[in-house]
$ cat input26.tsv   # TSV, C-alpha atoms and all ligand atoms
chain	number	residue	atom	x	y	z
A	62	MET	CA	11.08	-58.48	27.69
A	63	ASP	CA	9.26	-59.21	24.46
A	64	ILE	CA	10.86	-61.20	21.69
A	65	ARG	CA	11.04	-58.15	19.39
A	66	THR	CA	13.08	-56.16	21.92
A	67	VAL	CA	15.35	-59.12	22.56
A	68	THR	CA	15.85	-59.59	18.82
A	69	GLU	CA	16.77	-55.93	18.43
A	70	LYS	CA	19.02	-55.73	21.47
A	71	PHE	CA	20.71	-59.04	20.83
A	72	ALA	CA	20.95	-59.32	17.09
A	73	THR	CA	24.36	-60.98	17.22
A	74	ASP	CA	26.23	-63.36	19.48
A	75	GLU	CA	28.73	-60.56	20.12
A	76	GLN	CA	25.99	-58.40	21.63
A	77	CYS	CA	24.98	-61.26	23.93
A	78	LEU	CA	28.61	-61.76	24.97
A	79	GLN	CA	29.02	-58.04	25.62
A	80	TYR	CA	25.93	-58.13	27.80
A	81	ILE	CA	27.27	-61.02	29.87
A	82	GLN	CA	30.60	-59.23	30.16
A	83	LYS	CA	28.89	-56.14	31.49
A	84	MET	CA	26.90	-58.22	33.93
A	85	ARG	CA	30.03	-59.96	35.14
A	86	TRP	CA	32.16	-56.85	35.47
A	87	PRO	CA	29.64	-54.03	35.99
A	88	ASP	CA	32.35	-51.41	36.59
A	89	GLY	CA	33.76	-52.18	33.15
A	90	ILE	CA	37.09	-53.44	34.52
A	91	VAL	CA	37.71	-57.00	33.35
A	92	ARG	CA	39.44	-59.03	36.01
A	93	CYS	CA	41.10	-62.42	35.81
A	94	PRO	CA	38.79	-64.93	37.54
A	95	THR	CA	41.81	-66.86	38.83
A	96	CYS	CA	44.13	-64.23	40.32
A	97	GLY	CA	41.92	-61.14	40.25
A	98	THR	CA	44.29	-58.82	38.42
A	99	ASP	CA	42.93	-56.30	35.93
A	100	LYS	CA	46.07	-56.60	33.83
A	101	VAL	CA	44.48	-58.56	31.04
A	102	LYS	CA	44.63	-58.40	27.27
A	103	ARG	CA	41.73	-58.91	24.96
A	104	TYR	CA	42.04	-61.05	21.84
A	105	GLU	CA	39.55	-61.23	19.01
A	106	ARG	CA	38.87	-64.58	17.43
A	107	PRO	CA	38.78	-64.63	13.67
A	108	LYS	CA	35.19	-65.20	12.55
A	109	ASN	CA	36.08	-68.03	10.23
A	110	GLU	CA	37.55	-70.16	12.97
A	111	LYS	CA	36.33	-73.72	12.58
A	112	ASN	CA	34.86	-74.26	16.01
A	113	LYS	CA	31.68	-72.26	15.98
A	114	ASN	CA	31.09	-72.37	19.71
A	115	ARG	CA	34.19	-70.37	20.50
A	116	ARG	CA	33.17	-66.96	21.73
A	117	ALA	CA	34.08	-63.92	19.62
A	118	TRP	CA	36.76	-62.72	22.04
A	119	PHE	CA	38.67	-63.83	25.07
A	120	PHE	CA	41.18	-62.47	27.54
A	121	ILE	CA	44.59	-63.56	28.68
A	122	CYS	CA	45.81	-62.67	32.14
A	123	LEU	CA	49.14	-60.85	31.95
A	124	GLU	CA	50.24	-61.83	35.44
A	125	PRO	CA	53.33	-63.96	34.70
A	126	SER	CA	52.53	-66.53	37.37
A	127	CYS	CA	48.92	-66.93	36.13
A	128	ARG	CA	48.49	-66.44	32.36
A	129	GLU	CA	44.89	-67.66	32.62
A	130	GLN	CA	42.88	-67.57	29.41
A	131	PHE	CA	39.22	-66.76	29.97
A	132	SER	CA	36.11	-65.31	28.38
A	133	PRO	CA	33.08	-63.51	29.86
A	134	THR	CA	31.25	-66.84	29.95
A	135	SER	CA	34.04	-68.83	31.66
A	136	GLY	CA	32.67	-70.86	34.53
A	137	THR	CA	29.07	-70.31	33.48
A	138	ILE	CA	26.59	-72.70	31.95
A	139	PHE	CA	27.09	-70.95	28.59
A	140	HIS	CA	30.77	-71.84	28.53
A	141	ASP	CA	30.41	-75.50	27.67
A	142	SER	CA	27.39	-75.06	25.47
A	143	HIS	CA	27.88	-75.34	21.75
A	144	LEU	CA	24.74	-73.30	21.17
A	145	PRO	CA	25.10	-69.67	20.17
A	146	LEU	CA	24.31	-67.28	23.02
A	147	ILE	CA	21.58	-65.79	20.89
A	148	VAL	CA	19.70	-69.10	20.98
A	149	TRP	CA	19.92	-69.17	24.78
A	150	PHE	CA	18.68	-65.58	25.00
A	151	HIS	CA	15.74	-66.28	22.73
A	152	ALA	CA	14.89	-69.49	24.59
A	153	ILE	CA	14.87	-67.60	27.90
A	154	THR	CA	12.51	-65.01	26.45
A	155	LEU	CA	10.15	-67.60	24.99
A	156	MET	CA	10.04	-69.48	28.29
A	157	LEU	CA	9.46	-66.35	30.35
A	158	ASN	CA	6.70	-65.13	28.07
A	159	ALA	CA	4.81	-68.41	27.71
A	160	LYS	CA	2.29	-68.17	30.53
A	161	LYS	CA	1.58	-71.87	30.35
A	162	GLY	CA	5.12	-72.95	29.59
A	163	ILE	CA	6.74	-74.04	26.35
A	164	SER	CA	7.76	-77.56	25.43
A	165	ALA	CA	11.18	-78.58	24.15
A	166	LYS	CA	9.51	-79.55	20.87
A	167	GLN	CA	8.08	-76.05	20.49
A	168	LEU	CA	11.43	-74.45	21.38
A	169	GLN	CA	13.04	-76.61	18.75
A	170	ARG	CA	10.57	-75.41	16.13
A	171	ASP	CA	10.63	-71.74	17.15
A	172	LEU	CA	14.40	-71.47	17.30
A	173	GLY	CA	15.33	-73.83	14.50
A	174	ILE	CA	17.37	-76.08	16.75
A	175	GLY	CA	18.70	-79.17	14.99
A	176	GLY	CA	18.07	-81.92	17.50
A	177	TYR	CA	15.29	-82.50	19.99
A	178	LYS	CA	17.79	-83.48	22.69
A	179	THR	CA	19.53	-80.12	22.39
A	180	ALA	CA	16.22	-78.30	22.74
A	181	TRP	CA	15.27	-80.48	25.69
A	182	TYR	CA	18.56	-79.74	27.42
A	183	LEU	CA	18.16	-76.01	26.82
A	184	ASN	CA	14.60	-76.13	28.14
A	185	HIS	CA	15.69	-77.97	31.27
A	186	ARG	CA	18.75	-75.90	32.06
A	187	ILE	CA	16.72	-72.71	31.93
A	188	ARG	CA	14.01	-74.36	34.01
A	189	GLU	CA	16.64	-75.33	36.60
A	190	ALA	CA	17.83	-71.75	36.84
A	191	MET	CA	14.27	-70.80	37.74
A	192	ALA	CA	14.24	-72.90	40.93
A	193	GLU	CA	13.90	-70.35	43.69
A	194	GLY	CA	14.28	-72.36	46.85
A	195	ALA	CA	12.84	-70.78	49.96
A	196	LEU	CA	10.88	-67.61	49.37
A	197	HIS	CA	10.31	-64.83	51.84
A	198	PRO	CA	7.56	-65.98	54.24
A	199	MET	CA	4.16	-64.76	53.16
A	200	GLY	CA	2.01	-62.45	55.23
A	201	GLY	CA	-1.37	-60.77	54.83
A	202	ILE	CA	-3.99	-63.22	53.59
A	203	VAL	CA	-2.55	-66.57	52.50
A	204	GLU	CA	-4.48	-69.25	50.62
A	205	ILE	CA	-3.45	-72.89	50.83
A	206	ASP	CA	-4.91	-75.68	48.74
A	207	GLU	CA	-3.88	-79.02	47.34
A	208	THR	CA	-4.47	-80.61	43.97
A	209	TYR	CA	-3.63	-83.75	42.08
A	210	ILE	CA	-1.78	-83.75	38.80
A	211	GLY	CA	-2.92	-86.25	36.24
A	212	GLY	CA	-5.46	-87.93	38.47
A	213	LYS	CA	-8.77	-87.47	40.12
A	214	HIS	CA	-9.21	-85.14	43.01
A	215	HIS	CA	-10.39	-87.61	45.61
A	216	GLY	CA	-13.04	-86.56	48.05
A	217	HIS	CA	-12.14	-84.64	51.13
A	218	GLY	CA	-12.77	-85.68	54.68
A	219	GLN	CA	-11.19	-89.11	54.38
A	220	GLY	CA	-8.01	-88.20	56.14
A	221	PRO	CA	-4.57	-87.76	54.64
A	222	HIS	CA	-4.07	-89.02	51.13
A	223	THR	CA	-1.42	-91.63	50.76
A	224	GLY	CA	-0.29	-93.65	47.80
A	225	ASN	CA	-0.91	-90.73	45.46
A	226	LYS	CA	2.50	-89.49	44.43
A	227	ASP	CA	1.56	-86.46	42.43
A	228	ILE	CA	0.05	-84.12	44.95
A	229	VAL	CA	0.75	-80.42	44.62
A	230	ILE	CA	0.36	-78.02	47.50
A	231	GLY	CA	-0.24	-74.42	46.50
A	232	ILE	CA	0.46	-71.54	48.84
A	233	ARG	CA	-0.39	-68.09	47.62
A	234	GLN	CA	-0.37	-64.73	49.25
A	235	ARG	CA	-3.42	-62.77	48.12
A	236	LYS	CA	-2.12	-60.30	45.49
A	237	GLY	CA	1.35	-61.70	46.14
A	238	LYS	CA	3.65	-64.60	45.52
A	239	LEU	CA	2.86	-68.17	44.71
A	240	ARG	CA	4.68	-71.31	45.79
A	241	LEU	CA	3.88	-74.75	44.37
A	242	ILE	CA	5.24	-77.81	46.12
A	243	HIS	CA	5.22	-81.43	44.97
A	244	THR	CA	4.65	-83.85	47.82
A	245	ASP	CA	3.76	-87.52	48.15
A	246	ASN	CA	1.50	-87.09	51.17
A	247	THR	CA	-0.69	-84.56	52.88
A	248	THR	CA	-0.46	-85.55	56.51
A	249	SER	CA	-0.75	-82.68	58.97
A	250	GLU	CA	2.99	-83.06	59.72
A	251	THR	CA	3.86	-82.54	56.06
A	252	LEU	CA	1.45	-79.65	55.61
A	253	ALA	CA	2.77	-78.04	58.82
A	254	LYS	CA	6.30	-78.18	57.47
A	255	TYR	CA	5.34	-76.27	54.33
A	256	ILE	CA	3.25	-73.79	56.30
A	257	ARG	CA	6.16	-73.08	58.64
A	258	GLU	CA	8.50	-72.61	55.70
A	259	ASN	CA	6.25	-70.31	53.71
A	260	VAL	CA	3.87	-68.48	56.01
A	261	ALA	CA	5.01	-65.61	58.23
A	262	HIS	CA	4.36	-65.67	61.98
A	263	ASP	CA	2.37	-62.45	61.83
A	264	VAL	CA	0.13	-63.63	58.98
A	265	GLU	CA	-3.29	-62.02	59.10
A	266	MET	CA	-5.32	-64.99	57.91
A	267	VAL	CA	-4.75	-68.41	56.33
A	268	VAL	CA	-7.59	-69.78	54.22
A	269	THR	CA	-8.03	-73.44	53.33
A	270	ASP	CA	-10.92	-75.70	52.48
A	271	GLU	CA	-12.26	-78.25	54.94
A	272	PHE	CA	-9.65	-80.92	54.14
A	273	ALA	CA	-9.21	-82.80	57.43
A	274	PRO	CA	-5.44	-82.44	58.07
A	275	TYR	CA	-5.43	-78.61	57.93
A	276	PRO	CA	-6.52	-77.78	61.50
A	277	GLY	CA	-3.84	-80.08	62.94
A	278	ALA	CA	-1.27	-78.69	60.53
A	279	MET	CA	-2.06	-75.11	61.58
A	280	ILE	CA	-1.61	-75.98	65.26
A	281	ARG	CA	1.71	-77.68	64.52
A	282	ALA	CA	2.84	-74.73	62.45
A	283	GLY	CA	1.89	-72.24	65.15
A	284	VAL	CA	-0.86	-70.49	63.19
A	285	HIS	CA	-3.15	-69.30	65.95
A	286	GLY	CA	-6.63	-70.88	65.79
A	287	SER	CA	-8.69	-67.83	64.85
A	288	LYS	CA	-6.29	-66.95	62.04
A	289	HIS	CA	-7.20	-70.12	60.19
A	290	LYS	CA	-10.40	-69.74	58.17
A	291	THR	CA	-12.08	-72.58	56.37
A	292	ILE	CA	-14.24	-72.29	53.29
A	293	LYS	CA	-16.80	-75.06	53.16
A	294	HIS	CA	-16.62	-76.32	49.61
A	295	LYS	CA	-18.57	-79.44	50.51
A	296	ALA	CA	-21.50	-77.26	51.53
A	297	GLY	CA	-21.24	-75.48	48.19
A	298	VAL	CA	-19.77	-72.29	49.63
A	299	TYR	CA	-16.89	-70.86	47.63
A	300	VAL	CA	-16.61	-67.25	48.76
A	301	GLU	CA	-17.40	-65.69	52.09
A	302	GLY	CA	-16.08	-62.16	51.98
A	303	ASP	CA	-12.30	-62.48	52.07
A	304	VAL	CA	-12.49	-66.16	52.85
A	305	HIS	CA	-11.87	-68.12	49.65
A	306	THR	CA	-9.12	-70.05	47.90
A	307	ASN	CA	-9.92	-68.80	44.41
A	308	THR	CA	-6.58	-67.23	43.60
A	309	VAL	CA	-4.53	-70.33	44.44
A	310	GLU	CA	-7.06	-72.42	42.51
A	311	SER	CA	-6.71	-70.20	39.45
A	312	ALA	CA	-2.94	-70.75	39.59
A	313	PHE	CA	-3.56	-74.51	39.72
A	314	SER	CA	-5.81	-74.41	36.71
A	315	LEU	CA	-3.30	-72.35	34.71
A	316	PHE	CA	-0.59	-74.86	35.59
A	317	LYS	CA	-2.80	-77.77	34.57
A	318	ARG	CA	-3.71	-76.17	31.28
A	319	GLY	CA	0.01	-75.70	30.70
A	320	VAL	CA	0.77	-79.31	31.49
A	321	ILE	CA	-1.98	-80.58	29.26
A	322	GLY	CA	-1.63	-77.97	26.52
A	323	SER	CA	2.13	-77.63	26.27
A	324	PHE	CA	3.66	-80.72	27.72
A	325	HIS	CA	0.91	-83.33	27.27
A	326	LYS	CA	2.32	-85.37	30.04
A	327	ILE	CA	5.18	-84.78	32.37
A	328	SER	CA	7.24	-87.20	34.31
A	329	ILE	CA	6.53	-87.09	38.04
A	330	LYS	CA	10.29	-87.14	38.55
A	331	HIS	CA	10.44	-83.68	36.97
A	332	LEU	CA	7.20	-82.30	38.42
A	333	GLN	CA	8.87	-80.01	40.97
A	334	ARG	CA	10.96	-78.43	38.22
A	335	TYR	CA	7.86	-77.60	36.20
A	336	LEU	CA	6.22	-76.22	39.33
A	337	ASP	CA	9.28	-74.09	40.04
A	338	GLU	CA	9.32	-72.76	36.50
A	339	PHE	CA	5.65	-71.96	36.68
A	340	GLY	CA	5.98	-70.23	40.07
A	341	TYR	CA	9.03	-68.26	38.93
A	342	ARG	CA	7.24	-66.93	35.85
A	343	PHE	CA	4.02	-66.33	37.73
A	344	ASN	CA	5.79	-64.35	40.44
A	345	ARG	CA	7.52	-62.18	37.85
A	346	ARG	CA	4.61	-61.60	35.53
A	347	GLU	CA	5.00	-57.85	35.96
A	348	ALA	CA	8.73	-57.68	36.67
A	349	PRO	CA	10.63	-55.78	33.95
A	350	ASP	CA	13.95	-57.37	34.88
A	351	ALA	CA	12.91	-61.04	34.78
A	352	PHE	CA	15.02	-61.54	31.66
A	353	ILE	CA	18.15	-60.11	33.29
A	354	GLU	CA	17.55	-62.07	36.45
A	355	THR	CA	17.29	-65.30	34.47
A	356	VAL	CA	20.48	-64.66	32.48
A	357	ALA	CA	22.25	-63.81	35.75
A	358	ARG	CA	20.97	-66.98	37.38
A	359	LEU	CA	22.24	-69.05	34.46
A	360	CYS	CA	25.64	-67.40	34.83
A	361	GLY	CA	25.65	-67.73	38.59
A	362	PHE	CA	26.08	-63.94	38.92
A	363	LYS	CA	24.31	-61.63	41.25
A	364	PRO	CA	21.59	-60.02	39.17
A	365	LEU	CA	21.89	-56.29	38.65
A	366	PRO	CA	18.88	-54.02	38.55
A	367	PHE	CA	17.40	-53.51	35.13
A	368	ASN	CA	18.22	-49.79	34.97
A	369	VAL	CA	21.89	-50.36	35.80
A	370	LEU	CA	22.36	-52.85	33.01
A	371	THR	CA	20.45	-50.90	30.42
A	372	SER	CA	21.62	-47.42	31.39
A	373	GLU	CA	24.36	-47.41	28.75
A	374	LYS	CA	24.35	-48.88	25.32
A	375	ALA	CA	25.92	-52.31	25.42
A	401	ZN	ZN	45.28	-64.29	36.45

$ encode --input "input26.tsv" --output "structure tokens" --more "lines below"
Ligand SMILES: [Zn+2]
Amino acid sequence: MDIRTVTEKFATDEQCLQYIQKMRWPDGIVRCPTCGTDKVKRYERPKNEKNKNRRAWFFICLEPSCREQFSPTSGTIFHDSHLPLIVWFHAITLMLNAKKGISAKQLQRDLGIGGYKTAWYLNHRIREAMAEGALHPMGGIVEIDETYIGGKHHGHGQGPHTGNKDIVIGIRQRKGKLRLIHTDNTTSETLAKYIRENVAHDVEMVVTDEFAPYPGAMIRAGVHGSKHKTIKHKAGVYVEGDVHTNTVESAFSLFKRGVIGSFHKISIKHLQRYLDEFGYRFNRREAPDAFIETVARLCGFKPLPFNVLTSEKA
């Protein structure tokens, strides 16, 4: 969703809260999160109440043995945040739309957030919600390559790299999903593990360059010999029909431009989070419901399809 649409749709904190409420109780029946009853009463909070982070309305469970007080954001990441929901919604949009990522400093400027720490926290919490874990195994043609963040790409053919802690393995299905993995070594055991986790058994072809550990890794991972194709970069060959690693390399270069352009330098400790954020955005570059999915992830709700959530006026 573009920032103009988000600004129109979510002009007030109340609209954001209504949206979360609808996401939480899609059938429109508000239920107590503690006892499950729908006998609840809604209370409006006066706007001039001192504590600004209090949401505009809340509910009280009418079940005499329960009497739970709750709001649509109870139990979600938004509940303890003192930031207006509107700031969260705008931050999500900015992060989803920034192809190369957006720094906490830039978020702070764009959203007029008082302190850098607050912006940093916001940036990181949204980034965390973008961690996908295991993806569906990739089929068709899969490209695998490795790169080094913040250092030189040492020559191939010298066996597994060790001692270099900022290696990134990229696995990308041609015209499909991307997965970026931070690892501290590229032995054939390690590569095999990631191949097993991410490549389907019935894959048509796996393309790598001539980096020495790949053949062993393919055998370990059960990728049948003839399915593994090697492009001989050392011999100056970069494309041989379908055999190339150009699309995973282009993802690497976009990530690196992001790291250099937006973040200047990133801590290795956080590298996987940046990779996850990048992969998440990359894999949803044409998904209309990426915004909804991200809000749902932050809430810990099951995301609803875009058309269900937007079918009625919130
Ligand atoms: Zn209750």

$ atom_distance --input "input26.tsv" --atom1 "CA of Leu241 in chain A" --atom2 "CA of Gly340 in chain A"
6.6 Å

$ residues_near_ligand --input "input26.tsv" --ligand "ligand ZN 401 (chain A)" --cutoff "6 Å" --atoms "only C-alpha atoms and all ligand atoms" --output "PyMOL selection string"
chain A and resi 93+95-98+122+124+127-129

$ closest_atom_pairs --input "input26.tsv" --of "range 116-140 of chain A" --to "range 167-191 of chain A" --cutoff "12 Å" --atoms "all atoms listed in the file" --output "Markdown table"
| residue | atom | partner | partner_atom | distance |
| --- | --- | --- | --- | --- |
| A:Thr137 | CA | A:Ala190 | CA | 11.8 |
| A:Ile138 | CA | A:Arg186 | CA | 8.5 |
| A:Phe139 | CA | A:Arg186 | CA | 10.3 |

$ write_last_selection --input "input26.tsv" --atoms "C-alpha atoms" --output "short mmCIF file (atom, residue, chain, number, x, y, z; two decimals), in the coordinates of the input"
data_model
loop_
_atom_site.label_atom_id
_atom_site.label_comp_id
_atom_site.auth_asym_id
_atom_site.auth_seq_id
_atom_site.Cartn_x
_atom_site.Cartn_y
_atom_site.Cartn_z
CA THR A 137 29.07 -70.31 33.48
CA ILE A 138 26.59 -72.70 31.95
CA PHE A 139 27.09 -70.95 28.59
#

$ residues_around --input "input26.tsv" --residues "Val229 in chain A" --least-positions-apart "5" --cutoff "7 Å" --atoms "all atoms listed in the file" --output "number ranges by chain"
A: 207-209, 241-244

$ residues_around --input "input26.tsv" --residues "Gly136 in chain A" --least-positions-apart "4" --cutoff "10 Å" --atoms "all atoms listed in the file" --output "list of chain:residue names"
A:Pro94, A:Phe131, A:Ser132, A:His140, A:Asp141, A:Cys360, A:Gly361

$ closest_residue --input "input26.tsv" --among "A:Asn307, A:Lys161, A:Glu105, A:Ala253" --to "Ile321 in chain A" --atoms "only C-alpha atoms"
A:Lys161

$ residues_around --input "input26.tsv" --residues "Met279 in chain A" --least-positions-apart "3" --cutoff "10 Å" --atoms "all atoms listed in the file" --output "number ranges by chain"
A: 249-250, 252-254, 256-257, 267, 274-276, 282-286, 288-289

$ atom_distance --input "input26.tsv" --atom1 "CA of Ile205 in chain A" --atom2 "CA of Thr306 in chain A"
7.0 Å

$ closest_residue --input "input26.tsv" --among "A:Ile232, A:Ala278, A:Ile153, A:Ala351" --to "Thr308 in chain A" --atoms "only C-alpha atoms"
A:Ile232

$ atom_distance --input "input26.tsv" --atom1 "CA of Asn344 in chain A" --atom2 "CA of Lys238 in chain A"
5.5 Å

$ closest_residue --input "input26.tsv" --among "A:Leu123, A:Arg342, A:Ala195, A:Val309" --to "Met156 in chain A" --atoms "all atoms listed in the file"
A:Arg342

$ residues_near_point --input "input26.tsv" --point "(24.4, -59.3, 20.2)" --cutoff "12 Å" --atoms "only C-alpha atoms" --output "number ranges by chain"
A: 66-82, 116-117, 145-151, 374-375
